[in-house]
Amino acid sequence: MPLSDEIFEALATLSRRAESVSAVMGTANSDNRFTVALEALEKLAQDQSMPIAIVGGLAAIHYGYPAVTEDIDVAIAIEHLEILLDVAPRYGFKVAWRAQSGWHTLTHNDVEINIVPEGGRAKDASPTTIPSPMQLGVPSGIGYASLPRWTELKISSGRQKDRAHVVEVLKKCDSDSIEVIRHHLANVHDNYLQLFEQLATQAEEERQQENKRR
């Protein structure tokens, strides 16, 4: 029985959504749209001496959870926000949205790049602001936010999807890594630490349950 158009469309969608995972894991073809966009960001970061910290779903993939994502989230220092908009077109980016708050949006072909500005807040009620790329562990070039800082950003967003990403990543972490995250969050905000403890407990319960099924 031939496959329906709907099935072909669904398979094509799954293939496109998996491109982000392939790009991060280094198994992508050279024409992978995420790989191409990340290479352009890397060249921009190097040429302009502009540290760029990768956060969001791509960092979740980097830390062991193959999250499906359709965009790239990057943290930019406050002094580089306007410079980024000025130079981005030289590297194949288009400025899709210029926000007074600094939460700009770029595109590279059909990949959306969301700018996470230093000093911004993941949500209005967040008790802390977005750290700089250097504080996130990226002093130069392009790189992934450190695991403790990435966890901090995910928790600060208040979104259920982000909490789920943290749980999945924690399931891949050893006890030493979890303790490092715990120590970091204890120095950031009590609310973050309390939520982290809940997520860590959930991750451990799910990990034990999954191990029983193997």
# chains A, B, ... in the order shown; residues from 1 in each chain; ligands from 1
$ residues_around --residues "A:Asp162" --least-positions-apart "4" --cutoff "9 Å" --atoms "only C-alpha atoms" --output "PyMOL selection string"
chain A and resi 56-57+153-155+157-158+166-167
$ write_last_selection --atoms "N, CA and C atoms" --output "PDB file, in the first residue's frame"
ATOM      1  N   GLY A  56      19.271  27.643  25.119  1.00  0.00           N
ATOM      2  CA  GLY A  56      18.057  27.055  24.569  1.00  0.00           C
ATOM      3  C   GLY A  56      18.196  25.594  24.194  1.00  0.00           C
ATOM      4  N   GLY A  57      17.411  25.190  23.183  1.00  0.00           N
ATOM      5  CA  GLY A  57      17.326  23.788  22.801  1.00  0.00           C
ATOM      6  C   GLY A  57      18.617  23.196  22.278  1.00  0.00           C
ATOM      7  N   LEU A 153      19.234  29.629  33.238  1.00  0.00           N
ATOM      8  CA  LEU A 153      18.401  30.311  32.243  1.00  0.00           C
ATOM      9  C   LEU A 153      17.099  29.561  32.009  1.00  0.00           C
ATOM     10  N   LYS A 154      17.188  28.251  31.932  1.00  0.00           N
ATOM     11  CA  LYS A 154      15.985  27.452  31.700  1.00  0.00           C
ATOM     12  C   LYS A 154      14.990  27.608  32.849  1.00  0.00           C
ATOM     13  N   ILE A 155      15.487  27.594  34.070  1.00  0.00           N
ATOM     14  CA  ILE A 155      14.610  27.726  35.229  1.00  0.00           C
ATOM     15  C   ILE A 155      14.019  29.132  35.299  1.00  0.00           C
ATOM     16  N   SER A 157      13.092  31.022  33.000  1.00  0.00           N
ATOM     17  CA  SER A 157      12.057  31.294  31.992  1.00  0.00           C
ATOM     18  C   SER A 157      10.654  31.028  32.516  1.00  0.00           C
ATOM     19  N   GLY A 158      10.545  30.080  33.456  1.00  0.00           N
ATOM     20  CA  GLY A 158       9.241  29.740  34.007  1.00  0.00           C
ATOM     21  C   GLY A 158       8.374  28.893  33.104  1.00  0.00           C
ATOM     22  N   VAL A 166      15.293  20.550  31.311  1.00  0.00           N
ATOM     23  CA  VAL A 166      16.208  20.396  32.447  1.00  0.00           C
ATOM     24  C   VAL A 166      16.112  18.976  33.002  1.00  0.00           C
ATOM     25  N   VAL A 167      14.914  18.470  33.159  1.00  0.00           N
ATOM     26  CA  VAL A 167      14.731  17.112  33.680  1.00  0.00           C
ATOM     27  C   VAL A 167      15.443  16.096  32.792  1.00  0.00           C
TER      28      VAL A 167
END
$ residues_around --residues "A:Pro133" --least-positions-apart "6" --cutoff "10 Å" --atoms "only C-alpha atoms" --output "VMD selection string"
chain A and resid 50 to 55 74 to 78 116 to 118 139 to 146
$ select_by_dssp --residues "chain A" --states "alpha helix (DSSP H)" --output "PyMOL selection string"
chain A and resi 5-17+19-25+33-47+56-62+81-87+147-157+160-170+175-186+190-212
$ closest_residue --among "A:Gln100, A:Ser30, A:Ser156, A:Ser132" --to "A:Glu79" --atoms "only C-alpha atoms"
A:Ser132
$ closest_residue --among "A:Val68, A:Leu170, A:Val138, A:Val21" --to "A:Ala203" --atoms "only C-alpha atoms"
A:Leu170
$ residues_around --residues "stretch 171-174 of chain A" --least-positions-apart "4" --cutoff "9 Å" --atoms "only C-alpha atoms" --output "number ranges by chain"
A: 63-65, 166-167, 178-179, 200, 203-204, 206-207
$ residues_around --residues "A:Asp86" --least-positions-apart "4" --cutoff "12 Å" --atoms "only C-alpha atoms" --output "ChimeraX atom specification"
/A:44,48,80-82,90-91,93-95,98,106
$ write_last_selection --atoms "all heavy atoms" --output "CSV table (one decimal), in the first residue's frame"
chain,number,residue,atom,x,y,z
A,44,LEU,N,31.1,35.3,12.4
A,44,LEU,CA,30.7,36.7,12.9
A,44,LEU,C,31.4,36.9,14.2
A,44,LEU,O,32.0,37.9,14.5
A,44,LEU,CB,29.2,36.8,12.9
A,44,LEU,CG,28.6,38.2,13.3
A,44,LEU,CD1,27.2,38.3,12.8
A,44,LEU,CD2,28.7,38.4,14.8
A,48,GLN,N,34.3,39.8,14.6
A,48,GLN,CA,33.8,41.0,15.3
A,48,GLN,C,34.3,40.9,16.8
A,48,GLN,O,33.9,41.9,17.5
A,48,GLN,CB,32.3,41.1,15.2
A,48,GLN,CG,31.8,41.2,13.8
A,48,GLN,CD,32.2,42.4,13.1
A,48,GLN,OE1,32.4,43.5,13.7
A,48,GLN,NE2,32.5,42.3,11.8
A,80,HIS,N,27.1,44.7,22.5
A,80,HIS,CA,27.2,44.2,21.2
A,80,HIS,C,25.8,44.1,20.5
A,80,HIS,O,25.8,43.7,19.3
A,80,HIS,CB,27.8,42.8,21.2
A,80,HIS,CG,29.3,42.8,21.6
A,80,HIS,ND1,29.9,41.8,22.3
A,80,HIS,CD2,30.2,43.7,21.3
A,80,HIS,CE1,31.1,42.1,22.5
A,80,HIS,NE2,31.4,43.3,21.9
A,81,LEU,N,24.8,44.4,21.1
A,81,LEU,CA,23.4,44.2,20.6
A,81,LEU,C,23.2,45.0,19.3
A,81,LEU,O,22.8,44.5,18.3
A,81,LEU,CB,22.3,44.6,21.6
A,81,LEU,CG,22.2,43.6,22.8
A,81,LEU,CD1,21.2,44.1,23.8
A,81,LEU,CD2,21.8,42.2,22.3
A,82,GLU,N,23.6,46.3,19.3
A,82,GLU,CA,23.4,47.1,18.1
A,82,GLU,C,24.4,46.8,17.0
A,82,GLU,O,24.1,46.8,15.8
A,82,GLU,CB,23.4,48.6,18.5
A,82,GLU,CG,22.2,49.1,19.3
A,82,GLU,CD,20.9,48.8,18.6
A,82,GLU,OE1,20.8,49.1,17.3
A,82,GLU,OE2,20.0,48.3,19.2
A,90,ARG,N,26.2,41.1,6.6
A,90,ARG,CA,27.5,40.8,6.0
A,90,ARG,C,27.7,39.2,6.0
A,90,ARG,O,28.5,38.7,5.2
A,90,ARG,CB,28.6,41.4,6.6
A,90,ARG,CG,28.6,43.0,6.7
A,90,ARG,CD,29.8,43.5,7.4
A,90,ARG,NE,29.7,44.8,7.9
A,90,ARG,CZ,30.6,45.4,8.7
A,90,ARG,NH1,31.7,44.8,9.0
A,90,ARG,NH2,30.3,46.7,9.1
A,91,TYR,N,27.1,38.6,7.0
A,91,TYR,CA,27.3,37.2,7.2
A,91,TYR,C,26.1,36.3,6.8
A,91,TYR,O,26.0,35.1,7.1
A,91,TYR,CB,27.7,36.9,8.6
A,91,TYR,CG,28.9,37.6,9.1
A,91,TYR,CD1,28.8,38.9,9.5
A,91,TYR,CD2,30.2,37.0,8.9
A,91,TYR,CE1,30.0,39.6,9.9
A,91,TYR,CE2,31.3,37.7,9.3
A,91,TYR,CZ,31.2,39.0,9.8
A,91,TYR,OH,32.4,39.7,10.1
A,93,PHE,N,22.8,37.0,7.3
A,93,PHE,CA,21.7,37.1,8.2
A,93,PHE,C,20.7,38.2,7.8
A,93,PHE,O,21.2,39.2,7.2
A,93,PHE,CB,22.1,37.3,9.7
A,93,PHE,CG,22.9,36.2,10.2
A,93,PHE,CD1,24.3,36.3,10.3
A,93,PHE,CD2,22.3,35.1,10.8
A,93,PHE,CE1,25.0,35.2,10.8
A,93,PHE,CE2,23.0,34.0,11.3
A,93,PHE,CZ,24.4,34.1,11.3
A,94,LYS,N,19.5,38.1,8.0
A,94,LYS,CA,18.5,39.1,7.9
A,94,LYS,C,18.0,39.5,9.3
A,94,LYS,O,17.8,38.7,10.1
A,94,LYS,CB,17.4,38.7,7.0
A,94,LYS,CG,17.8,38.4,5.5
A,94,LYS,CD,16.6,38.1,4.7
A,94,LYS,CE,17.0,37.8,3.2
A,94,LYS,NZ,15.8,37.4,2.4
A,95,VAL,N,17.7,40.8,9.5
A,95,VAL,CA,17.1,41.2,10.7
A,95,VAL,C,15.6,41.1,10.5
A,95,VAL,O,15.0,42.0,9.9
A,95,VAL,CB,17.6,42.7,11.0
A,95,VAL,CG1,16.9,43.1,12.4
A,95,VAL,CG2,19.1,42.8,11.1
A,98,ARG,N,13.5,43.8,15.1
A,98,ARG,CA,14.4,44.7,15.9
A,98,ARG,C,13.5,45.2,17.1
A,98,ARG,O,12.5,45.9,16.9
A,98,ARG,CB,14.8,45.9,15.1
A,98,ARG,CG,15.8,46.8,15.8
A,98,ARG,CD,16.1,48.1,15.0
A,98,ARG,NE,16.8,47.8,13.8
A,98,ARG,CZ,18.1,47.9,13.6
A,98,ARG,NH1,18.9,48.5,14.6
A,98,ARG,NH2,18.7,47.7,12.5
A,106,LEU,N,16.9,37.3,14.2
A,106,LEU,CA,17.6,37.2,12.9
A,106,LEU,C,17.1,36.0,12.2
A,106,LEU,O,16.6,35.0,12.9
A,106,LEU,CB,19.1,37.2,13.1
A,106,LEU,CG,19.8,38.2,13.9
A,106,LEU,CD1,21.3,37.9,14.0
A,106,LEU,CD2,19.6,39.6,13.4
$ select_by_dssp --residues "chain A" --states "strand (DSSP E or B)" --output "list in words"
Ile52, Ala53, Ile54, Val55, Asp71, Ile72, Asp73, Val74, Ala75, Ile76, Lys94, Val95, Ala96, Trp97, Thr105, Leu106, Thr107, His108, Val111, Glu112, Ile113, Asn114, Ile115, Val116, Pro117, Ile142, Gly143 and Tyr144 of chain A
$ closest_residue --among "A:His62, A:Val188, A:Ser175, A:Arg159" --to "A:Ile130" --atoms "only C-alpha atoms"
A:Val188
